[in-house]
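Trainee: Below is my_file-v9.cif; it holds mmCIF, C-alpha atoms and all ligand atoms.
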data_run
#
loop_
_atom_site.label_atom_id
_atom_site.label_comp_id
_atom_site.auth_asym_id
_atom_site.auth_seq_id
_atom_site.Cartn_x
_atom_site.Cartn_y
_atom_site.Cartn_z
CA MET L 1 -18.84 8.07 -22.77
CA HIS L 2 -19.51 4.48 -21.84
CA GLY L 3 -16.39 3.37 -20.11
CA LEU L 4 -12.70 3.59 -19.59
CA ILE L 5 -9.73 1.99 -21.20
CA PHE L 6 -6.58 2.23 -19.22
CA ALA L 7 -3.49 3.07 -21.17
CA TYR L 8 -1.56 0.16 -19.80
CA ALA L 9 1.04 -1.15 -22.17
CA GLN L 10 1.86 -4.69 -21.21
CA PRO L 11 3.53 -7.61 -22.91
CA TYR L 12 0.92 -10.01 -24.26
CA PRO L 13 0.08 -12.62 -21.68
CA PHE L 14 0.03 -16.32 -22.28
CA GLY L 15 3.13 -16.37 -24.49
CA GLU L 16 1.58 -14.58 -27.46
CA ILE L 17 4.07 -13.00 -29.83
CA CYS L 18 4.31 -9.25 -29.27
CA MET L 19 3.07 -7.08 -32.10
CA LYS L 20 1.89 -3.55 -32.62
CA GLN L 21 -1.52 -2.56 -31.35
CA LEU L 22 -3.61 0.46 -32.18
CA ILE L 23 -6.24 1.63 -29.72
CA HIS L 24 -8.37 3.85 -31.90
CA GLY L 25 -11.52 5.90 -31.84
CA GLY L 26 -11.36 6.84 -28.16
CA ARG L 27 -10.60 9.98 -26.20
CA LEU L 28 -7.34 10.44 -24.30
CA LEU L 29 -6.76 11.85 -20.85
CA THR L 30 -3.18 12.58 -19.83
CA ALA L 31 -1.52 14.71 -17.17
CA GLY L 32 -0.93 17.49 -19.65
CA GLN L 33 -4.12 17.12 -21.62
CA LEU L 34 -7.13 17.04 -19.38
CA ASP L 35 -9.77 17.84 -21.96
CA GLY L 36 -9.92 14.22 -23.09
CA GLY L 37 -9.70 15.00 -26.76
CA PRO L 38 -9.88 12.33 -29.49
CA ALA L 39 -6.62 10.44 -30.06
CA ASP L 40 -5.33 7.04 -31.09
CA LEU L 41 -2.57 5.18 -29.26
CA LEU L 42 0.03 3.06 -31.00
CA ILE L 43 1.63 0.40 -28.81
CA ASP L 44 4.68 -1.64 -29.78
CA GLY L 45 5.24 -4.59 -27.49
CA ASP L 46 5.07 -3.14 -24.00
CA THR L 47 5.58 0.50 -24.93
CA ILE L 48 3.26 3.28 -26.05
CA VAL L 49 5.22 4.57 -29.03
CA ALA L 50 2.92 7.25 -30.42
CA VAL L 51 -0.13 9.34 -29.69
CA LEU L 52 -1.74 9.79 -33.09
CA GLN L 53 -4.39 11.95 -34.63
CA PRO L 54 -7.68 10.05 -34.91
CA GLY L 55 -7.65 7.88 -38.02
CA GLU L 56 -3.97 8.42 -38.79
CA SER L 57 -2.62 5.59 -40.94
CA VAL L 58 -0.34 3.04 -39.29
CA GLY L 59 -0.30 0.23 -41.87
CA ASP L 60 -1.93 -3.17 -41.80
CA ASP L 61 0.39 -5.10 -39.54
CA VAL L 62 -1.31 -3.79 -36.44
CA ARG L 63 -3.81 -5.34 -34.09
CA ARG L 64 -6.72 -2.92 -33.73
CA ILE L 65 -8.71 -2.29 -30.57
CA ASP L 66 -11.89 -0.27 -30.99
CA ALA L 67 -12.17 2.35 -28.22
CA ARG L 68 -15.29 4.12 -29.43
CA ASP L 69 -17.20 5.64 -26.50
CA ARG L 70 -14.23 5.01 -24.29
CA LEU L 71 -11.83 7.27 -22.40
CA LEU L 72 -8.18 6.25 -22.25
CA ILE L 73 -6.41 7.23 -19.03
CA PRO L 74 -2.97 6.52 -17.54
CA GLY L 75 -2.74 3.64 -15.07
CA LEU L 76 -3.93 4.55 -11.58
CA VAL L 77 -1.82 4.19 -8.45
CA ASN L 78 -3.25 2.58 -5.33
CA ALA L 79 -1.18 4.21 -2.61
CA HIS L 80 -2.26 1.88 0.19
CA THR L 81 -3.35 -1.73 0.06
CA HIS L 82 -2.87 -5.02 1.89
CA ALA L 83 -2.25 -8.14 -0.18
CA ALA L 84 -3.29 -10.45 2.64
CA ASN L 85 -6.76 -8.93 2.95
CA GLN L 86 -7.97 -10.10 -0.44
CA LEU L 87 -8.90 -13.54 0.88
CA ASN L 88 -10.59 -12.01 3.94
CA LYS L 89 -13.38 -10.29 2.10
CA GLY L 90 -16.80 -10.93 3.53
CA MET L 91 -15.50 -12.46 6.76
CA VAL L 92 -16.47 -9.40 8.79
CA ASP L 93 -18.67 -6.41 8.21
CA ARG L 94 -18.63 -2.90 9.66
CA TYR L 95 -15.92 -3.75 12.16
CA SER L 96 -14.10 -0.98 13.93
CA LEU L 97 -10.38 -0.91 13.18
CA GLU L 98 -9.66 -2.38 16.60
CA LEU L 99 -12.03 -5.33 16.13
CA LEU L 100 -10.45 -5.91 12.76
CA LEU L 101 -6.94 -5.90 14.23
CA SER L 102 -7.84 -8.19 17.11
CA ALA L 103 -9.47 -10.61 14.64
CA ALA L 104 -6.43 -10.67 12.35
CA PRO L 105 -5.09 -14.05 13.55
CA TRP L 106 -8.46 -15.53 12.59
CA THR L 107 -9.03 -13.70 9.33
CA GLY L 108 -5.46 -13.78 8.06
CA GLY L 109 -3.50 -16.32 10.08
CA GLY L 110 -2.47 -19.82 9.13
CA ARG L 111 -1.68 -18.92 5.53
CA THR L 112 0.67 -21.10 3.54
CA VAL L 113 3.05 -19.43 1.09
CA ASP L 114 0.71 -20.49 -1.74
CA TYR L 115 -2.20 -18.71 -0.08
CA LYS L 116 -0.10 -15.61 0.47
CA TYR L 117 0.69 -15.65 -3.23
CA LEU L 118 -2.93 -16.26 -4.16
CA SER L 119 -4.24 -13.43 -2.00
CA ALA L 120 -1.77 -10.98 -3.53
CA TYR L 121 -2.50 -12.29 -7.01
CA VAL L 122 -6.26 -11.88 -6.62
CA GLY L 123 -5.78 -8.37 -5.28
CA ALA L 124 -3.48 -7.45 -8.16
CA LEU L 125 -5.93 -8.78 -10.73
CA GLU L 126 -8.73 -6.79 -9.17
CA MET L 127 -6.65 -3.62 -9.22
CA VAL L 128 -5.70 -4.11 -12.87
CA ARG L 129 -9.33 -4.67 -13.78
CA LYS L 130 -10.13 -1.31 -12.19
CA GLY L 131 -7.25 0.48 -13.87
CA CYS L 132 -4.51 0.40 -11.22
CA THR L 133 -1.09 -0.39 -12.59
CA ALA L 134 0.94 0.39 -9.47
CA CYS L 135 0.42 0.10 -5.72
CA TYR L 136 2.05 0.44 -2.32
CA ASP L 137 1.34 -2.73 -0.38
CA LEU L 138 1.74 -3.19 3.35
CA ALA L 139 1.91 -6.96 3.18
CA ALA L 140 0.88 -8.45 6.50
CA GLU L 141 1.75 -11.92 7.66
CA ILE L 142 0.52 -13.33 10.92
CA PRO L 143 2.37 -13.33 13.28
CA ALA L 144 5.48 -11.92 11.60
CA PRO L 145 6.98 -11.31 8.16
CA THR L 146 8.79 -14.14 6.43
CA VAL L 147 11.24 -14.17 3.56
CA ASP L 148 9.14 -16.67 1.60
CA GLY L 149 5.90 -14.77 2.24
CA ILE L 150 7.16 -11.42 1.01
CA GLU L 151 8.79 -13.11 -1.98
CA ALA L 152 5.42 -14.72 -2.78
CA VAL L 153 3.66 -11.35 -2.70
CA ALA L 154 6.30 -9.79 -4.97
CA ARG L 155 6.08 -12.78 -7.32
CA ALA L 156 2.30 -12.34 -7.55
CA TYR L 157 2.64 -8.70 -8.58
CA ASN L 158 5.37 -9.68 -11.01
CA ASP L 159 3.19 -12.38 -12.57
CA VAL L 160 0.24 -10.03 -12.97
CA GLY L 161 2.53 -7.33 -14.35
CA MET L 162 1.90 -4.53 -11.85
CA ARG L 163 4.45 -2.21 -10.41
CA ALA L 164 4.45 -2.37 -6.61
CA VAL L 165 6.24 -1.24 -3.49
CA ILE L 166 6.02 -4.12 -1.04
CA ALA L 167 6.52 -3.37 2.63
CA PRO L 168 6.21 -6.12 5.22
CA MET L 169 3.64 -4.87 7.75
CA MET L 170 5.02 -5.45 11.22
CA ALA L 171 4.56 -4.99 14.95
CA ASP L 172 6.53 -6.08 17.99
CA VAL L 173 3.83 -5.11 20.52
CA THR L 174 0.66 -7.20 20.74
CA PHE L 175 -2.70 -5.60 20.12
CA TYR L 176 -3.61 -6.15 23.79
CA ASN L 177 -0.52 -4.34 25.01
CA ALA L 178 -0.72 -1.61 22.39
CA ILE L 179 -4.01 -0.09 23.53
CA PRO L 180 -3.56 1.77 26.84
CA GLY L 181 -5.89 0.34 29.49
CA LEU L 182 -7.08 -2.60 27.40
CA MET L 183 -5.23 -5.28 29.32
CA ASP L 184 -6.65 -4.02 32.62
CA ALA L 185 -10.15 -4.04 31.16
CA ILE L 186 -9.99 -7.70 30.13
CA PRO L 187 -11.65 -10.00 32.68
CA PRO L 188 -9.33 -12.16 34.81
CA GLY L 189 -8.75 -15.49 33.13
CA LEU L 190 -8.83 -14.02 29.66
CA ARG L 191 -6.34 -11.36 30.71
CA GLU L 192 -3.66 -13.95 31.45
CA ARG L 193 -4.21 -15.51 28.03
CA ALA L 194 -3.87 -12.15 26.33
CA ALA L 195 -0.75 -11.33 28.36
CA ALA L 196 0.83 -14.65 27.38
CA ILE L 197 0.74 -13.84 23.66
CA ARG L 198 4.20 -12.97 22.41
CA LEU L 199 5.34 -11.49 19.14
CA GLN L 200 8.82 -11.75 17.72
CA SER L 201 11.32 -9.29 19.13
CA HIS L 202 12.33 -6.27 17.09
CA ASP L 203 15.75 -7.87 16.57
CA GLN L 204 14.19 -10.98 15.06
CA ILE L 205 11.85 -9.03 12.78
CA LEU L 206 14.58 -6.66 11.63
CA ALA L 207 16.86 -9.61 10.89
CA THR L 208 14.14 -11.06 8.63
CA CYS L 209 13.74 -7.70 6.92
CA ARG L 210 17.48 -7.47 6.36
CA THR L 211 17.42 -10.90 4.72
CA ILE L 212 14.50 -9.82 2.52
CA LEU L 213 16.27 -6.64 1.46
CA ASP L 214 19.66 -8.25 0.87
CA GLY L 215 18.12 -11.05 -1.19
CA TRP L 216 15.68 -8.94 -3.24
CA SER L 217 15.84 -10.42 -6.73
CA PHE L 218 13.12 -8.45 -8.49
CA ASP L 219 13.68 -5.57 -10.86
CA ARG L 220 13.52 -2.53 -8.57
CA ASP L 221 12.09 -0.39 -11.34
CA ARG L 222 8.99 -2.55 -11.16
CA LEU L 223 8.97 -4.10 -7.69
CA ARG L 224 10.57 -2.28 -4.81
CA PRO L 225 10.88 -3.32 -1.15
CA ALA L 226 10.04 -1.02 1.75
CA LEU L 227 9.28 -1.32 5.46
CA GLY L 228 5.90 -1.08 7.21
CA PRO L 229 6.11 -0.77 11.01
CA THR L 230 2.36 -0.74 11.12
CA ILE L 231 1.22 1.71 13.83
CA PRO L 232 3.48 3.68 16.20
CA HIS L 233 2.07 2.34 19.48
CA HIS L 234 2.15 -1.24 18.14
CA CYS L 235 5.91 -0.87 17.82
CA THR L 236 8.60 -0.32 20.44
CA ASP L 237 10.90 2.65 20.02
CA ASP L 238 13.79 0.27 19.37
CA PHE L 239 11.82 -1.27 16.54
CA LEU L 240 10.86 2.07 15.02
CA THR L 241 14.38 3.40 15.09
CA GLY L 242 15.65 0.05 13.78
CA CYS L 243 13.28 0.36 10.83
CA ARG L 244 14.40 3.94 10.30
CA ASP L 245 18.06 2.92 10.19
CA LEU L 246 17.43 -0.09 7.97
CA ALA L 247 15.42 2.02 5.53
CA LYS L 248 18.18 4.58 5.45
CA ASP L 249 20.85 1.94 4.86
CA HIS L 250 18.93 0.47 1.94
CA ASP L 251 17.54 3.74 0.59
CA ILE L 252 13.96 2.51 0.74
CA GLY L 253 10.64 3.93 1.90
CA VAL L 254 8.66 3.44 5.08
CA GLN L 255 4.89 3.49 5.31
CA MET L 256 2.90 3.55 8.54
CA HIS L 257 -0.68 4.01 9.69
CA VAL L 258 -1.58 6.97 11.87
CA LEU L 259 -4.82 8.69 12.77
CA GLU L 260 -6.91 5.74 11.63
CA SER L 261 -9.41 5.69 14.44
CA LYS L 262 -10.54 7.46 17.59
CA VAL L 263 -8.79 4.78 19.65
CA GLN L 264 -5.52 5.59 17.90
CA ALA L 265 -5.98 9.29 18.47
CA VAL L 266 -6.60 8.73 22.20
CA ALA L 267 -3.89 6.07 22.49
CA GLY L 268 -1.28 8.42 21.12
CA VAL L 269 -2.03 11.08 23.68
CA ARG L 270 -2.28 8.62 26.58
CA ARG L 271 0.84 6.70 25.73
CA TYR L 272 3.10 9.45 24.50
CA GLY L 273 1.47 12.68 25.58
CA THR L 274 1.24 13.70 21.94
CA THR L 275 -0.31 12.61 18.67
CA LEU L 276 0.96 9.56 16.83
CA LEU L 277 2.14 11.79 14.04
CA PHE L 278 4.33 13.80 16.40
CA ARG L 279 5.47 10.55 17.95
CA ILE L 280 6.88 9.20 14.71
CA ILE L 281 8.55 12.54 14.19
CA GLY L 282 9.98 12.15 17.70
CA THR L 283 11.50 8.82 16.77
CA GLU L 284 12.83 10.49 13.64
CA MET L 285 10.98 8.12 11.37
CA LEU L 286 10.33 11.01 9.08
CA SER L 287 13.59 12.84 9.49
CA ILE L 288 15.23 10.34 7.18
CA ILE L 289 13.93 12.54 4.42
CA ASP L 290 14.83 15.74 6.23
CA MET L 291 11.35 17.18 6.29
CA ARG L 292 11.47 18.81 9.69
CA ASN L 293 10.82 22.37 8.69
CA ARG L 294 7.78 22.03 6.53
CA THR L 295 4.27 22.40 7.83
CA ILE L 296 1.08 20.50 7.42
CA HIS L 297 -1.89 20.24 9.74
CA MET L 298 -3.68 16.97 10.10
CA ARG L 299 -6.28 16.06 12.63
CA ARG L 300 -8.04 12.85 13.49
CA THR L 301 -11.09 14.09 11.69
CA LEU L 302 -9.56 15.87 8.78
CA ARG L 303 -11.32 18.73 7.14
CA SER L 304 -11.56 18.14 3.45
CA SER L 305 -9.27 21.09 2.72
CA SER L 306 -6.60 19.67 5.05
CA ARG L 307 -7.10 16.27 3.54
CA ARG L 308 -6.55 17.63 0.08
CA GLU L 309 -3.44 19.41 1.28
CA ALA L 310 -2.12 16.30 2.99
CA THR L 311 -2.75 14.00 0.08
CA ALA L 312 -1.29 16.48 -2.36
CA GLN L 313 1.94 16.37 -0.40
CA GLY L 314 2.42 12.68 0.13
CA ALA L 315 -0.08 11.35 2.67
CA THR L 316 -2.41 8.57 1.67
CA TYR L 317 -6.00 9.03 2.72
CA ALA L 318 -7.92 5.78 2.48
CA ARG L 319 -11.49 4.97 3.48
CA SER L 320 -12.28 1.32 3.82
CA GLY L 321 -15.80 0.23 3.02
CA GLY L 322 -15.63 -2.77 5.32
CA MET L 323 -14.99 -0.89 8.53
CA ARG L 324 -15.97 2.33 10.15
CA ALA L 325 -12.45 3.55 10.64
CA THR L 326 -10.93 6.01 8.27
CA ALA L 327 -7.31 5.35 7.57
CA LEU L 328 -4.65 7.93 7.02
CA ALA L 329 -1.35 6.41 6.10
CA ILE L 330 1.81 8.36 5.80
CA VAL L 331 4.30 7.78 3.08
CA SER L 332 7.56 8.67 4.69
CA TYR L 333 9.07 10.38 1.73
CA GLY L 334 7.52 13.46 0.25
CA LEU L 335 5.49 14.23 3.34
CA PRO L 336 5.83 17.62 4.96
CA ILE L 337 5.32 17.31 8.67
CA PRO L 338 3.94 19.57 11.41
CA ALA L 339 6.12 22.38 12.61
ZN ZN R 1 -3.73 -0.18 5.98
#
Could you spell out this file's structure in structure tokens?
Mentor:
Amino acid sequence: MHGLIFAYAQPYPFGEICMKQLIHGGRLLTAGQLDGGPADLLIDGDTIVAVLQPGESVGDDVRRIDARDRLLIPGLVNAHTHAANQLNKGMVDRYSLELLLSAAPWTGGGRTVDYKYLSAYVGALEMVRKGCTACYDLAAEIPAPTVDGIEAVARAYNDVGMRAVIAPMMADVTFYNAIPGLMDAIPPGLRERAAAIRLQSHDQILATCRTILDGWSFDRDRLRPALGPTIPHHCTDDFLTGCRDLAKDHDIGVQMHVLESKVQAVAGVRRYGTTLLFRIIGTEMLSIIDMRNRTIHMRRTLRSSSRREATAQGATYARSGGMRATALAIVSYGLPIPA
């Protein structure tokens, strides 16, 4: 086996007239057929219309794609990505999560709408090249989400042809105020500068989100909005509950980061007297899907068995090569929570 072909039926790009295609000579992996046996795929326009026996006749009016030594698989789903980060690659190396967050205005700030589109577009192309046909994107804009910025990200996914859930990634507490003890540890002079930084209020951010949701013009079967209050202690309780209520009103998902780093694990206990996961349960971020009575155990350093259990039930476990932190993001629906 020399490679993969992703069973990704798409309209022809560049205005070509749609016609039937036959991907032949390869092996096929599907959810119900994991042995990867030989099979041909017949595609009509943007739809896989038949899984055929190898060599089965389909007529001459078919464009043929030779898949010898290839394995055909369904499109992969990237359950956690950030459109804005695609233009940041190579700017930092082996940063901790906290260094990465504090550097965000430098690495990701000052973007025009065109650059926001470009970053999402590049990321989408890269995912498609690697077989992803759907993703959940926490789309960050510095310093706050904008209607035009989120529309640009959605447009990029639409133009590439991916399915995506697009959640504006948001905070109403500055990095310097979010980490317990950090402000006090900053030397005088710099401390005043850090304290002077202001983010938009939760009311302002939620108003923008409401405008985004009310004006969503994309086909929701392909591109769906969601909300991404990024990390519990980077958000006020009013903001978290506001996101919860807005998500409920619009019947959309919420994705957050928890348990990404040691600092987060300690910050949760210091700030709230409990873990960040229990904190978001406390603000009923997860109760919107009525999951209170199910049980799952997750720790900052997850054992692989727990990790498998968590991911099998809706958590996203992501390891980023560019930083030492390990990220565990929680998809708010489908996630059983600690008893
Ligand atoms: Zn993330």
Trainee: Within 9 Å of region 213-227 of chain L, counting all atoms listed in the file, which residues qualify if same-chain residues fewer than 5 places away don't, as a PyMOL selection string?
Mentor: chain L and resi 134+138+147+151+154-155+157-158+161-170+208+243-244+246-247+250-256
Trainee: Which is closest to ligand ZN 1 (chain R) among L:Arg70, L:Arg27, L:His82, L:His234, if we use all atoms listed in the file?
Mentor: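 Among the listed residues, L:His82 lies closest to ligand ZN 1 (chain R).
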Trainee: Which is closest to ligand ZN 1 (chain R) among L:Val269, L:Leu41, L:Leu118, L:Ala83, if we use all atoms listed in the file?
Mentor: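 Among the listed residues, L:Ala83 lies closest to ligand ZN 1 (chain R).
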Trainee: My list of candidates is L:Ala104, L:Val49, L:Ala79, L:Cys135. Which is closest to Met91 (chain L) when distances are computed with only C-alpha atoms?
Mentor: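 Among L:Ala104, L:Val49, L:Ala79, L:Cys135, it is L:Ala104 that comes nearest to Met91 (chain L).
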Trainee: Using only C-alpha atoms, can you tell me which of L:Val258, L:Arg270, L:Thr47, L:Asn78 comes closest to Lys130 (chain L)?
Mentor: L:Asn78
Trainee: Taking only C-alpha atoms into account, name the residue in L:Lys20, L:Asp245, L:Asp46, L:Cys132 that is nearest to Asp61 (chain L).
Mentor: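 Checking each candidate against Asp61 (chain L), we get L:Lys20 as the closest.
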Trainee: Quick one, how far is CA of Gly108 (chain L) from CA of Asn88 (chain L)?
Mentor: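 CA of Asn88 (chain L) lies at a distance of 6.8 Å from CA of Gly108 (chain L).
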Trainee: Taking into account all atoms listed in the file, which residue in the set L:Gly55, L:Gly131, L:Pro105, L:Gly149 is nearest to Thr174 (chain L)?
Mentor: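 So, comparing all the options, the nearest one is L:Pro105.
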Trainee: Using only C-alpha atoms, what residues lie at most 12 Å away from (-8.8, -10.1, 17.8) (file coordinates), given as a PDB file with C-alpha atoms, in the coordinates of the input?
Mentor:
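Contents of point-v8.pdb, freshly written:
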ATOM      1  CA  VAL L  92     -16.470  -9.400   8.790  1.00  0.00           C
ATOM      2  CA  TYR L  95     -15.920  -3.750  12.160  1.00  0.00           C
ATOM      3  CA  SER L  96     -14.100  -0.980  13.930  1.00  0.00           C
ATOM      4  CA  LEU L  97     -10.380  -0.910  13.180  1.00  0.00           C
ATOM      5  CA  GLU L  98      -9.660  -2.380  16.600  1.00  0.00           C
ATOM      6  CA  LEU L  99     -12.030  -5.330  16.130  1.00  0.00           C
ATOM      7  CA  LEU L 100     -10.450  -5.910  12.760  1.00  0.00           C
ATOM      8  CA  LEU L 101      -6.940  -5.900  14.230  1.00  0.00           C
ATOM      9  CA  SER L 102      -7.840  -8.190  17.110  1.00  0.00           C
ATOM     10  CA  ALA L 103      -9.470 -10.610  14.640  1.00  0.00           C
ATOM     11  CA  ALA L 104      -6.430 -10.670  12.350  1.00  0.00           C
ATOM     12  CA  PRO L 105      -5.090 -14.050  13.550  1.00  0.00           C
ATOM     13  CA  TRP L 106      -8.460 -15.530  12.590  1.00  0.00           C
ATOM     14  CA  THR L 107      -9.030 -13.700   9.330  1.00  0.00           C
ATOM     15  CA  GLY L 108      -5.460 -13.780   8.060  1.00  0.00           C
ATOM     16  CA  GLY L 109      -3.500 -16.320  10.080  1.00  0.00           C
ATOM     17  CA  THR L 174       0.660  -7.200  20.740  1.00  0.00           C
ATOM     18  CA  PHE L 175      -2.700  -5.600  20.120  1.00  0.00           C
ATOM     19  CA  TYR L 176      -3.610  -6.150  23.790  1.00  0.00           C
ATOM     20  CA  ALA L 194      -3.870 -12.150  26.330  1.00  0.00           C
ATOM     21  CA  ILE L 197       0.740 -13.840  23.660  1.00  0.00           C
TER      22      ILE L 197
END
Trainee: Just want the 8 Å neighbourhood of Ala144 (chain L), counted on only C-alpha atoms, with same-chain residues fewer than 3 positions away dropped. Output as a list in words.
Mentor: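 In the requested format, the answer is Ala140, Glu141, Met170, Ala171, Leu199, Gln200 and Ile205 of chain L.
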Trainee: Please list, as a ChimeraX atom specification, the residues that have an atom at most 12 Å away from (-0.8, 7.0, 21.5) in the coordinates of this file, counting all atoms listed in the file.
Mentor: /L:177-181,231-236,258-280
